Amino acid sequence: MKTKENTNCANCPVHNVGHLKKLGINMDNFDFVVALAGNPNTGKSTVFNYFTGLRQHTGNWPGKTVTRAEGGFEYEGKKFKVVDLPGTYSLLSTSADEEVARDFILFGQPDVTVIIADSTRLERNLNLVLQILEITDRAVLCLNLIDEANRNGISINERILSKQLGIPVIPTTARSGQGINELLKIIYEIATGRYVCKPFKMKTHSSDLNKSINELVALLSEQFPDLPNKRWVALRLLEGDQSIINSIRSGELGNLKTAPSSGLVEIEK
Amino acid sequence: MSDNHNTDKIISTANKLRWEIGENLYDTLMETIYQNAQEIASKAITYSDKKPPFSLDRTLDKILTSKYFGLPIMLLMLALVFWITIEGANYPSSFLASVLVDYIHPVLKDLLTSLNSPKWLTGLLVDGAYLSTAWVISVMLPPMAIFFPLFTLLEDFGYLPRVAFNMDALYRKAGAHGKQALTMAMGFGCNAAGVISTRIIDSPRERLIAIITNNFSLCNGRWPAQILIATIFIGGLAPAYLAGIFSAAAVIFIAVLGIAMSLIVSWFLSKTLLKGETSSFSLELPPYRPPRILQTLYTSLIDRTIFVLWRAIVFAVPAGMIIWLVSNITIDNISVANHFIEKVNPVALLFGLNGVIFLAYIIAIPANEIVIPTILMLTVSQLGLTEFGAGSGVLFELESTADTAKILHSGGWTLLTGINLMLFSLLHNPCSTTIYTIYKETRSLKWTALSTFLPIVLGLSLTFLVTQIFNLLS
Amino acid sequence: MIYLLLIPLFFLIIIFIFFLFKKGKVLFRKFKTNSEKILQEDILKSVYNHQYQNSVCNIESLSEKLNKTNQQIQSSVDKLIDSKHIEPDNKEIRLTDSGKNYALKIIRFHRLYEKFLADKTNVNEKKWHQLAEEFEHNLTNEEAEKLAAQIGNPVFDPHGDPIPSPKGELPEVKGMRLSELNPGDISVVIHIEDEPDNIYQSIVNKGIYNGIQIRFLGTFNNEVSFYANEKLCSLSLEEANNINVGLLKLEKIHLGDFKKLSSLSVGQRGKIIGIAKSLRGQQRRRLMDLGIVPGTEIEVELESMSGDPLAYKIRGTTIALRKNQTEKIYIESL
């Protein structure tokens, strides 16, 4: 009930964004899955609406998107399914919406995870960014509300940031559609394997923690040699995450493999 | 099964390591992440050295949350929103009513009659299902279509979190969350929407409290009844030139009583039933943002208005049929409705109400908006008045307050009935839409039942008390 | 007639009262108690504790500990011997392997439940132990594992004691006795023996608790002296022997001045150095998610109409916190 197909495309400014075709709730035969993650109240739903042409409610208030919303768009002839994850501050807690977001990024293995950050509060948003980069290698950071940040005297050097994080960084103002085209382009490039990310991995100064993680990573490598995010899994084990324990027991974890950096395999299936 | 052996080893090693690391893993982890974030941020972000001489956000915050201006501004804003809603809804409401009720209703009736449909079917479908739905739409849609966008504009601008910030002290004392002030304000528009809006409260205990007590906010559907009854019975007490003020004061008193009840019940719940639930507090004050008016109109219409209206209609259709049936099915030549009214009257009198009111509240459960039309229709059919209305089971309302008063007075209504109806209208079960929404949000029959019955018990106790005191005094 | 119709009203009131007193949640469930089962399980637990502490366990010590007559204990012990959970060993009582597993299972349930109460409910700290004492006897394995999963499979209870794994593994007691420290050592209290009760109470009354950081000074005239949270404390040797200390990994040592965040007023700044242990569960995590972690700079930005809550600038965000939270956040002045 929350969404409605927009029949009035021609009026909105993104209509002219090159090669974007909004598919609304039509997600048949998609080639790639794109996940939208981010802190609450960063304009995630606005980006979602631009991609899909749907009208999710957006509000200047945390906690609007409670359930996962899905939609679709077509770009350069490829069909993308977009999953708008609940806005969370972190992926480490035990709350239900964090579990949804965490499990989707890990087990759902989206082809691209778009992390929407509020440029005016980037430092705090990086908390979530770094956590996501522990889970997935294929992510792009969208610096939303960049106009507001600039107005407040905050300037962000995206090139340095991109280099530090090892993923593309796109400044956008989703409300007016600025930067969305670049974002789409980079999503396309990552999904099709033309852009390969080398994401930043957290460095901990605690040698005890490092030792424990390494011990578990070694064990995990024996059992699941193809697992791409062993450090994250090790961390979750140390946190006692039930869904990870279950997936180890059931062997599901073994199915998570580093996807070959080419969308072609995906298309064939 | 070497596989099992290995996986077990992983899990038990993890367990062992967890004992070794100790309890502070989460703390350490968060610290590590934020350290990394800080390092990266310090390289990529530069803050302009000179602070802007004038920060709009800060100044706004200082004014909106100040000791002296905070409260008046808040009350002013709320008053403004309500004034616009009530004033603005009048015209579209009467327009919709004239189209849907005065124009289309007879046309539909003629159409069915010309198709040779049996009388009972025409009655059931047109007088029952259609008319009550038309009524709900014409009374419910305009105020909601005005209230929700206004509220959403305030929300998008960023003012509402400041209200929560200001009101938190009060709500904290009641064991609730400051954001409950907002869900309550939303409840003034519509309780179902108010219940949905409790999603912004992330602490389980406070959220439940907000859901259960939302019904104490006098919703849009109940304002017209309050105003009508206050005008007839309270306004009648005062000299003519003061009547307006008297009745307005009475309605405001009821609304404030509702707020007081919600605080008292919140406090009571947090001390008893919900004592053991976890509770946490966090409230972010987002930066102010210029609201986008067109988009807001669109989404709040879709998200809230249509959504709530749809649910109300779903319940209004069967209820309309039931209303028609109870007043048209007869046993021993007396309609079921009148049987019920006769039987219940003695009990209802204990509470200073009457059987008509009880029946009206039972069968008008889909929407508070149709309570008054139902009461009028039942009273007329009970007394067998022929000068008003359009037959049994056909809802109606009168242009003239004096005529309405005449019907009610001939139905045996007194000042006491009026007062008690106002109280009962505030304190009775939520409408079916709200009950359903509460169930959807809590996923618990227990909390849904509590939210449904608690206000009834309170309402009946209060009306009983008032009646006994009133009888003692007079 | 009237009375007939009062019945529904009466019914409504009953429903309401029923809700009031039913306390329907699992956590307050009242049980049909099977006193024999409870006594047997208490005996197993008690025997396990005796063995863990290497003290002599016999009928007399059990009856004293469990506040029962010797006959009652003897009859239950006989039954436990029949079911091969314990075996007599001279005058002493020892657990068999199956008895030890059983005891550990009950201890696991107890500590899991305490952790649940601490993290997921608002139940007062003083009631945890008592509620868990009841609850531990009424849990099936499946329920316990569900409970564990729900609270993130904890490995420590809120008192800092390790929770046995489902397979009955338990780490060995780490650390050393407080009295064995060298002068100048800095360490953390990791365990306070809760038996005998009078010694435990006198330790607790001196403000010593699990997790408190201490700086050891030395032993003088059978008095053990140290700083606990920068407060001078001394204990008798007997008391000090009942306290285990160790350098818990990942634990931050803070010595020196610190203030509460609540002591700051609008415009003042500080740097967070820690969050009190009593802020726990989801509440603690949420605060950390918002950026309230050691090392974060924080500034009081705004006062609400009534002065509580206050809004703080934290990493570029404005977040309102209540006083009962900021009292538990420690900072150093900037």
# chains A, B, ... in the order shown; residues from 1 in each chain; ligands from 1
call {"tool": "residues_around", "arguments": {"residues": "segment 404-419 of chain B", "least_positions_apart": "5", "cutoff": "6 Å", "atoms": "only C-alpha atoms", "output": "VMD selection string"}}
result
chain B and resid 233 352 to 353
call {"tool": "write_last_selection", "arguments": {"atoms": "all heavy atoms", "output": "short mmCIF file (atom, residue, chain, number, x, y, z; two decimals), in the first residue's frame"}}
result
data_model
loop_
_atom_site.label_atom_id
_atom_site.label_comp_id
_atom_site.auth_asym_id
_atom_site.auth_seq_id
_atom_site.Cartn_x
_atom_site.Cartn_y
_atom_site.Cartn_z
N PHE B 233 -26.07 21.14 24.21
CA PHE B 233 -26.33 20.96 25.63
C PHE B 233 -25.55 21.92 26.53
O PHE B 233 -26.07 22.37 27.55
CB PHE B 233 -26.06 19.51 26.03
CG PHE B 233 -27.06 18.57 25.44
CD1 PHE B 233 -26.76 17.85 24.29
CD2 PHE B 233 -28.31 18.42 26.02
CE1 PHE B 233 -27.70 16.99 23.74
CE2 PHE B 233 -29.24 17.57 25.47
CZ PHE B 233 -28.94 16.85 24.32
N GLY B 352 -25.90 7.25 32.54
CA GLY B 352 -26.36 8.54 32.04
C GLY B 352 -26.46 8.58 30.53
O GLY B 352 -26.46 9.64 29.93
N LEU B 353 -26.46 7.41 29.91
CA LEU B 353 -26.59 7.35 28.45
C LEU B 353 -27.93 6.70 28.13
O LEU B 353 -28.78 6.59 29.00
CB LEU B 353 -25.43 6.54 27.87
CG LEU B 353 -24.04 7.11 28.16
CD1 LEU B 353 -22.95 6.11 27.86
CD2 LEU B 353 -23.81 8.38 27.35
#
call {"tool": "residues_around", "arguments": {"residues": "Val224 of chain C", "least_positions_apart": "4", "cutoff": "8 Å", "atoms": "only C-alpha atoms", "output": "list in words"}}
result
Ser179, Leu217, Gly218, Thr219, Phe220, Ser234, Leu235, Ser236, Leu237 and Ala240 of chain C
call {"tool": "write_last_selection", "arguments": {"atoms": "N, CA, C and O atoms", "output": "compact mmCIF listing (two decimals), in the first residue's frame"}}
result
# COMPACT_ATOMS: atom_id res chain seq x y z
N SER C 179 44.82 -11.25 46.72
CA SER C 179 45.92 -11.16 47.69
C SER C 179 47.25 -11.54 47.07
O SER C 179 48.30 -11.30 47.65
N LEU C 217 48.16 -1.97 46.36
CA LEU C 217 49.17 -1.27 47.14
C LEU C 217 50.05 -2.24 47.93
O LEU C 217 51.26 -2.10 47.98
N GLY C 218 49.43 -3.26 48.55
CA GLY C 218 50.22 -4.22 49.30
C GLY C 218 49.43 -4.77 50.47
O GLY C 218 48.28 -4.40 50.70
N THR C 219 50.06 -5.70 51.19
CA THR C 219 49.40 -6.29 52.35
C THR C 219 50.11 -5.81 53.61
O THR C 219 51.33 -5.97 53.74
N PHE C 220 49.38 -5.20 54.49
CA PHE C 220 49.97 -4.71 55.72
C PHE C 220 49.15 -5.23 56.90
O PHE C 220 47.93 -5.00 56.93
N SER C 234 40.46 -1.23 51.87
CA SER C 234 41.24 -2.33 52.43
C SER C 234 40.31 -3.46 52.81
O SER C 234 39.16 -3.25 53.22
N LEU C 235 40.81 -4.68 52.66
CA LEU C 235 40.01 -5.87 52.94
C LEU C 235 40.81 -6.79 53.84
O LEU C 235 42.05 -6.72 53.86
N SER C 236 40.10 -7.65 54.57
CA SER C 236 40.83 -8.66 55.33
C SER C 236 41.36 -9.70 54.35
O SER C 236 40.88 -9.81 53.22
N LEU C 237 42.36 -10.47 54.80
CA LEU C 237 42.95 -11.49 53.92
C LEU C 237 41.87 -12.46 53.45
O LEU C 237 41.84 -12.86 52.30
N ALA C 240 39.92 -10.90 50.74
CA ALA C 240 40.71 -10.76 49.52
C ALA C 240 40.89 -12.10 48.83
O ALA C 240 40.97 -12.17 47.59
call {"tool": "closest_residue", "arguments": {"among": "C:Lys45, C:Arg322, C:Arg286, C:Lys105", "to": "Ile86 of chain C", "atoms": "only C-alpha atoms"}}
result
C:Lys45
call {"tool": "residues_around", "arguments": {"residues": "Ile116 of chain A", "least_positions_apart": "2", "cutoff": "10 Å", "atoms": "only C-alpha atoms", "output": "list of chain:residue names"}}
result
A:Leu36, A:Ala37, A:Gly38, A:Asn39, A:Pro40, A:Asn41, A:Thr42, A:Gly43, A:Lys44, A:Ser45, A:Val47, A:Gly87, A:Thr113, A:Val114, A:Asp118, A:Ser119, A:Asn125, A:Leu128, A:Val129, A:Val140, A:Leu141, A:Cys142, A:Leu143, A:Asn144, A:Leu145, A:Ile170, A:Pro171, A:Thr172
call {"tool": "write_last_selection", "arguments": {"atoms": "N, CA and C atoms", "output": "PDB file, in the first residue's frame"}}
result
ATOM      1  N   LEU A  36      20.151  -0.877  -1.562  1.00  0.00           N
ATOM      2  CA  LEU A  36      20.371   0.474  -1.044  1.00  0.00           C
ATOM      3  C   LEU A  36      20.463   0.388   0.467  1.00  0.00           C
ATOM      4  N   ALA A  37      21.608   0.818   0.998  1.00  0.00           N
ATOM      5  CA  ALA A  37      21.765   0.787   2.448  1.00  0.00           C
ATOM      6  C   ALA A  37      22.142   2.182   2.906  1.00  0.00           C
ATOM      7  N   GLY A  38      21.968   2.452   4.167  1.00  0.00           N
ATOM      8  CA  GLY A  38      22.356   3.751   4.684  1.00  0.00           C
ATOM      9  C   GLY A  38      21.740   4.041   6.028  1.00  0.00           C
ATOM     10  N   ASN A  39      22.245   5.088   6.657  1.00  0.00           N
ATOM     11  CA  ASN A  39      21.667   5.513   7.930  1.00  0.00           C
ATOM     12  C   ASN A  39      20.239   5.977   7.702  1.00  0.00           C
ATOM     13  N   PRO A  40      19.450   6.021   8.756  1.00  0.00           N
ATOM     14  CA  PRO A  40      18.118   6.592   8.601  1.00  0.00           C
ATOM     15  C   PRO A  40      18.229   8.074   8.214  1.00  0.00           C
ATOM     16  N   ASN A  41      17.244   8.555   7.511  1.00  0.00           N
ATOM     17  CA  ASN A  41      17.143   9.979   7.224  1.00  0.00           C
ATOM     18  C   ASN A  41      18.315  10.533   6.413  1.00  0.00           C
ATOM     19  N   THR A  42      18.761   9.770   5.417  1.00  0.00           N
ATOM     20  CA  THR A  42      19.832  10.285   4.577  1.00  0.00           C
ATOM     21  C   THR A  42      19.356  10.479   3.150  1.00  0.00           C
ATOM     22  N   GLY A  43      18.083  10.231   2.899  1.00  0.00           N
ATOM     23  CA  GLY A  43      17.564  10.387   1.548  1.00  0.00           C
ATOM     24  C   GLY A  43      17.608   9.096   0.743  1.00  0.00           C
ATOM     25  N   LYS A  44      17.679   7.992   1.449  1.00  0.00           N
ATOM     26  CA  LYS A  44      17.709   6.689   0.792  1.00  0.00           C
ATOM     27  C   LYS A  44      16.457   6.474  -0.055  1.00  0.00           C
ATOM     28  N   SER A  45      15.330   6.784   0.544  1.00  0.00           N
ATOM     29  CA  SER A  45      14.076   6.569  -0.177  1.00  0.00           C
ATOM     30  C   SER A  45      13.973   7.486  -1.382  1.00  0.00           C
ATOM     31  N   VAL A  47      16.450   8.433  -3.311  1.00  0.00           N
ATOM     32  CA  VAL A  47      17.229   7.787  -4.361  1.00  0.00           C
ATOM     33  C   VAL A  47      16.445   6.618  -4.944  1.00  0.00           C
ATOM     34  N   GLY A  87      16.710   1.682   6.997  1.00  0.00           N
ATOM     35  CA  GLY A  87      17.803   2.548   7.402  1.00  0.00           C
ATOM     36  C   GLY A  87      18.304   2.171   8.786  1.00  0.00           C
ATOM     37  N   THR A 113      26.086  -2.823  -3.843  1.00  0.00           N
ATOM     38  CA  THR A 113      25.431  -2.215  -2.690  1.00  0.00           C
ATOM     39  C   THR A 113      25.703  -0.718  -2.738  1.00  0.00           C
ATOM     40  N   VAL A 114      24.656   0.057  -2.847  1.00  0.00           N
ATOM     41  CA  VAL A 114      24.812   1.508  -2.856  1.00  0.00           C
ATOM     42  C   VAL A 114      24.622   1.999  -1.418  1.00  0.00           C
ATOM     43  N   ASP A 118      24.803  10.715   4.427  1.00  0.00           N
ATOM     44  CA  ASP A 118      24.454  12.114   4.574  1.00  0.00           C
ATOM     45  C   ASP A 118      25.763  12.908   4.654  1.00  0.00           C
ATOM     46  N   SER A 119      26.041  13.712   3.632  1.00  0.00           N
ATOM     47  CA  SER A 119      27.326  14.403   3.575  1.00  0.00           C
ATOM     48  C   SER A 119      27.529  15.352   4.753  1.00  0.00           C
ATOM     49  N   ASN A 125      28.299   8.567   9.455  1.00  0.00           N
ATOM     50  CA  ASN A 125      27.832   7.629   8.440  1.00  0.00           C
ATOM     51  C   ASN A 125      28.898   6.621   8.034  1.00  0.00           C
ATOM     52  N   LEU A 128      28.754   2.972   9.315  1.00  0.00           N
ATOM     53  CA  LEU A 128      28.010   1.959   8.564  1.00  0.00           C
ATOM     54  C   LEU A 128      28.764   1.571   7.292  1.00  0.00           C
ATOM     55  N   VAL A 129      29.355   2.575   6.640  1.00  0.00           N
ATOM     56  CA  VAL A 129      30.086   2.317   5.399  1.00  0.00           C
ATOM     57  C   VAL A 129      31.169   1.268   5.648  1.00  0.00           C
ATOM     58  N   VAL A 140      29.284   1.122  -3.675  1.00  0.00           N
ATOM     59  CA  VAL A 140      29.580   2.482  -4.090  1.00  0.00           C
ATOM     60  C   VAL A 140      29.000   3.401  -3.025  1.00  0.00           C
ATOM     61  N   LEU A 141      29.768   4.458  -2.725  1.00  0.00           N
ATOM     62  CA  LEU A 141      29.293   5.391  -1.712  1.00  0.00           C
ATOM     63  C   LEU A 141      28.656   6.584  -2.400  1.00  0.00           C
ATOM     64  N   CYS A 142      27.407   6.855  -2.016  1.00  0.00           N
ATOM     65  CA  CYS A 142      26.707   7.995  -2.585  1.00  0.00           C
ATOM     66  C   CYS A 142      26.651   9.085  -1.520  1.00  0.00           C
ATOM     67  N   LEU A 143      27.359  10.192  -1.787  1.00  0.00           N
ATOM     68  CA  LEU A 143      27.380  11.292  -0.824  1.00  0.00           C
ATOM     69  C   LEU A 143      26.173  12.175  -1.080  1.00  0.00           C
ATOM     70  N   ASN A 144      25.095  11.840  -0.429  1.00  0.00           N
ATOM     71  CA  ASN A 144      23.872  12.588  -0.683  1.00  0.00           C
ATOM     72  C   ASN A 144      23.867  13.896   0.116  1.00  0.00           C
ATOM     73  N   LEU A 145      22.972  14.789  -0.257  1.00  0.00           N
ATOM     74  CA  LEU A 145      22.822  16.081   0.412  1.00  0.00           C
ATOM     75  C   LEU A 145      24.105  16.892   0.349  1.00  0.00           C
ATOM     76  N   ILE A 170      30.355   9.019  -5.179  1.00  0.00           N
ATOM     77  CA  ILE A 170      29.610   9.926  -6.051  1.00  0.00           C
ATOM     78  C   ILE A 170      28.834  10.931  -5.218  1.00  0.00           C
ATOM     79  N   PRO A 171      29.157  12.214  -5.346  1.00  0.00           N
ATOM     80  CA  PRO A 171      28.344  13.206  -4.641  1.00  0.00           C
ATOM     81  C   PRO A 171      27.016  13.429  -5.368  1.00  0.00           C
ATOM     82  N   THR A 172      25.935  13.468  -4.632  1.00  0.00           N
ATOM     83  CA  THR A 172      24.631  13.665  -5.274  1.00  0.00           C
ATOM     84  C   THR A 172      23.765  14.620  -4.449  1.00  0.00           C
TER      85      THR A 172
END
call {"tool": "atom_distance", "arguments": {"atom1": "atom CA of Tyr89 of chain A", "atom2": "atom CA of Ser304 of chain C"}}
result
24.5 Å
call {"tool": "interface_residues", "arguments": {"of": "chain C", "to": "chain A", "cutoff": "8 Å", "atoms": "only C-alpha atoms", "output": "VMD selection string"}}
result
chain C and resid 149 151 to 154 249 to 250 282 285 to 286 289 to 291 315 to 317
call {"tool": "residues_around", "arguments": {"residues": "Val233 of chain A", "least_positions_apart": "3", "cutoff": "10 Å", "atoms": "only C-alpha atoms", "output": "ChimeraX atom specification"}}
result
/A:106,134-135,213,216-217,220,227-230,236-239,241,244-245,248,253
call {"tool": "write_last_selection", "arguments": {"atoms": "N, CA and C atoms", "output": "PDB file, in the first residue's frame"}}
result
ATOM      1  N   LEU A 106      24.780  -9.946   3.213  1.00  0.00           N
ATOM      2  CA  LEU A 106      25.651 -11.122   3.270  1.00  0.00           C
ATOM      3  C   LEU A 106      25.093 -12.281   2.440  1.00  0.00           C
ATOM      4  N   GLU A 134      33.138  -4.441   5.041  1.00  0.00           N
ATOM      5  CA  GLU A 134      33.645  -5.706   5.566  1.00  0.00           C
ATOM      6  C   GLU A 134      32.883  -6.881   4.965  1.00  0.00           C
ATOM      7  N   ILE A 135      31.646  -6.632   4.594  1.00  0.00           N
ATOM      8  CA  ILE A 135      30.821  -7.742   4.103  1.00  0.00           C
ATOM      9  C   ILE A 135      30.947  -7.910   2.598  1.00  0.00           C
ATOM     10  N   ILE A 213      40.479 -13.087  15.706  1.00  0.00           N
ATOM     11  CA  ILE A 213      39.932 -13.077  14.347  1.00  0.00           C
ATOM     12  C   ILE A 213      40.767 -13.970  13.446  1.00  0.00           C
ATOM     13  N   LEU A 216      40.125 -17.668  13.900  1.00  0.00           N
ATOM     14  CA  LEU A 216      38.866 -18.115  13.294  1.00  0.00           C
ATOM     15  C   LEU A 216      38.936 -18.081  11.770  1.00  0.00           C
ATOM     16  N   VAL A 217      39.593 -17.054  11.235  1.00  0.00           N
ATOM     17  CA  VAL A 217      39.720 -16.962   9.778  1.00  0.00           C
ATOM     18  C   VAL A 217      40.453 -18.179   9.241  1.00  0.00           C
ATOM     19  N   LEU A 220      38.052 -20.989   9.213  1.00  0.00           N
ATOM     20  CA  LEU A 220      37.043 -20.783   8.175  1.00  0.00           C
ATOM     21  C   LEU A 220      37.624 -21.065   6.797  1.00  0.00           C
ATOM     22  N   LEU A 227      34.936 -18.483   0.610  1.00  0.00           N
ATOM     23  CA  LEU A 227      34.171 -17.444   1.298  1.00  0.00           C
ATOM     24  C   LEU A 227      34.876 -16.090   1.174  1.00  0.00           C
ATOM     25  N   PRO A 228      34.184 -15.088   0.637  1.00  0.00           N
ATOM     26  CA  PRO A 228      34.862 -13.815   0.390  1.00  0.00           C
ATOM     27  C   PRO A 228      35.087 -12.966   1.644  1.00  0.00           C
ATOM     28  N   ASN A 229      34.228 -13.090   2.630  1.00  0.00           N
ATOM     29  CA  ASN A 229      34.326 -12.156   3.750  1.00  0.00           C
ATOM     30  C   ASN A 229      34.540 -12.863   5.073  1.00  0.00           C
ATOM     31  N   LYS A 230      35.662 -13.578   5.132  1.00  0.00           N
ATOM     32  CA  LYS A 230      35.914 -14.417   6.307  1.00  0.00           C
ATOM     33  C   LYS A 230      36.068 -13.598   7.577  1.00  0.00           C
ATOM     34  N   ARG A 236      31.366 -11.891  13.363  1.00  0.00           N
ATOM     35  CA  ARG A 236      29.993 -12.214  13.737  1.00  0.00           C
ATOM     36  C   ARG A 236      29.960 -13.439  14.648  1.00  0.00           C
ATOM     37  N   LEU A 237      30.866 -14.385  14.411  1.00  0.00           N
ATOM     38  CA  LEU A 237      30.932 -15.549  15.292  1.00  0.00           C
ATOM     39  C   LEU A 237      31.305 -15.121  16.705  1.00  0.00           C
ATOM     40  N   LEU A 238      32.239 -14.177  16.773  1.00  0.00           N
ATOM     41  CA  LEU A 238      32.646 -13.703  18.095  1.00  0.00           C
ATOM     42  C   LEU A 238      31.507 -12.942  18.770  1.00  0.00           C
ATOM     43  N   GLU A 239      30.570 -12.447  17.956  1.00  0.00           N
ATOM     44  CA  GLU A 239      29.408 -11.769  18.527  1.00  0.00           C
ATOM     45  C   GLU A 239      28.265 -12.741  18.783  1.00  0.00           C
ATOM     46  N   ASP A 241      26.377 -14.391  16.498  1.00  0.00           N
ATOM     47  CA  ASP A 241      25.252 -14.171  15.570  1.00  0.00           C
ATOM     48  C   ASP A 241      24.622 -15.504  15.165  1.00  0.00           C
ATOM     49  N   ILE A 244      24.550 -16.597  11.411  1.00  0.00           N
ATOM     50  CA  ILE A 244      25.837 -17.083  10.901  1.00  0.00           C
ATOM     51  C   ILE A 244      26.085 -18.509  11.393  1.00  0.00           C
ATOM     52  N   ILE A 245      25.811 -18.741  12.673  1.00  0.00           N
ATOM     53  CA  ILE A 245      26.014 -20.083  13.223  1.00  0.00           C
ATOM     54  C   ILE A 245      25.151 -21.084  12.456  1.00  0.00           C
ATOM     55  N   ILE A 248      26.592 -21.784   9.077  1.00  0.00           N
ATOM     56  CA  ILE A 248      27.769 -22.654   9.121  1.00  0.00           C
ATOM     57  C   ILE A 248      27.323 -24.103   9.272  1.00  0.00           C
ATOM     58  N   LEU A 253      26.868 -21.227   4.171  1.00  0.00           N
ATOM     59  CA  LEU A 253      27.964 -20.269   4.082  1.00  0.00           C
ATOM     60  C   LEU A 253      28.909 -20.656   2.945  1.00  0.00           C
TER      61      LEU A 253
END
call {"tool": "select_by_dssp", "arguments": {"residues": "segment 16-198 of chain A", "states": "helix (DSSP H, G or I)", "output": "NGL selection string"}}
result
:A and (16 or 44-52 or 96-107 or 119-135 or 146-151 or 158-165 or 180-191)
call {"tool": "residues_around", "arguments": {"residues": "Ser165 of chain C", "least_positions_apart": "2", "cutoff": "8 Å", "atoms": "only C-alpha atoms", "output": "list in words"}}
result
Asn15 of chain B; Arg108, Val155, Ile163, Lys167, Gly168, Glu169 and Leu170 of chain C
call {"tool": "closest_atom_pairs", "arguments": {"of": "chain B", "to": "chain C", "cutoff": "6 Å", "atoms": "only C-alpha atoms", "output": "tab-separated table"}}
result
residue	atom	partner	partner_atom	distance
B:Ile21	CA	C:Lys249	CA	5.5
B:Glu31	CA	C:Val293	CA	5.7
B:Thr65	CA	C:Ser304	CA	5.6
B:Ser66	CA	C:Met305	CA	5.7
B:Lys67	CA	C:Met305	CA	4.6
B:Asn166	CA	C:Ser304	CA	5.1
B:Leu273	CA	C:Leu20	CA	6.0
B:Gly276	CA	C:Asn122	CA	4.7
B:Glu277	CA	C:Thr121	CA	4.9
B:Thr278	CA	C:Thr121	CA	4.3
B:Ser280	CA	C:Gln283	CA	5.0
B:Leu283	CA	C:Ala320	CA	5.1
B:Glu284	CA	C:Ile319	CA	4.4
B:Leu285	CA	C:Thr318	CA	5.4
B:Val347	CA	C:Ile2	CA	5.8
call {"tool": "write_last_selection", "arguments": {"atoms": "N, CA, C and O atoms", "output": "compact mmCIF listing (two decimals), in the first residue's frame"}}
result
# COMPACT_ATOMS: atom_id res chain seq x y z
N ILE B 21 38.26 -13.37 25.14
CA ILE B 21 38.24 -11.93 24.86
C ILE B 21 37.52 -11.15 25.94
O ILE B 21 37.83 -10.02 26.23
N GLU B 31 34.55 1.12 18.88
CA GLU B 31 35.63 2.08 19.03
C GLU B 31 36.57 2.00 17.83
O GLU B 31 36.97 3.02 17.27
N THR B 65 13.13 25.96 21.02
CA THR B 65 13.22 25.16 22.24
C THR B 65 13.45 26.04 23.47
O THR B 65 13.80 25.54 24.52
N SER B 66 13.24 27.33 23.32
CA SER B 66 13.54 28.20 24.45
C SER B 66 12.48 28.07 25.53
O SER B 66 11.35 27.64 25.29
N LYS B 67 12.88 28.41 26.73
CA LYS B 67 11.99 28.25 27.89
C LYS B 67 10.71 29.05 27.73
O LYS B 67 9.65 28.65 28.17
N ASN B 166 11.23 19.01 23.34
CA ASN B 166 10.66 19.87 24.37
C ASN B 166 9.73 19.13 25.31
O ASN B 166 9.70 19.39 26.51
N LEU B 273 1.83 -3.10 33.81
CA LEU B 273 1.91 -4.12 32.77
C LEU B 273 3.23 -4.11 32.02
O LEU B 273 3.77 -5.14 31.68
N GLY B 276 8.30 -4.59 32.89
CA GLY B 276 9.46 -5.39 32.57
C GLY B 276 10.01 -5.20 31.17
O GLY B 276 11.06 -5.71 30.83
N GLU B 277 9.30 -4.45 30.33
CA GLU B 277 9.76 -4.31 28.95
C GLU B 277 11.01 -3.42 28.89
O GLU B 277 11.15 -2.49 29.66
N THR B 278 11.86 -3.72 27.91
CA THR B 278 13.05 -2.89 27.79
C THR B 278 12.69 -1.51 27.30
O THR B 278 11.72 -1.32 26.58
N SER B 280 14.61 2.24 25.91
CA SER B 280 15.83 3.00 25.64
C SER B 280 15.40 4.33 25.07
O SER B 280 14.27 4.49 24.63
N LEU B 283 17.03 10.32 20.54
CA LEU B 283 16.23 11.24 19.75
C LEU B 283 17.20 12.10 18.97
O LEU B 283 18.02 12.80 19.54
N GLU B 284 17.11 11.99 17.65
CA GLU B 284 18.02 12.77 16.84
C GLU B 284 17.31 14.04 16.40
O GLU B 284 16.13 14.00 16.04
N LEU B 285 18.00 15.14 16.43
CA LEU B 285 17.42 16.38 15.94
C LEU B 285 18.03 16.67 14.58
O LEU B 285 19.14 17.19 14.48
N VAL B 347 -29.95 -0.28 31.67
CA VAL B 347 -28.54 -0.33 32.01
C VAL B 347 -27.86 0.96 31.61
O VAL B 347 -27.10 1.57 32.36
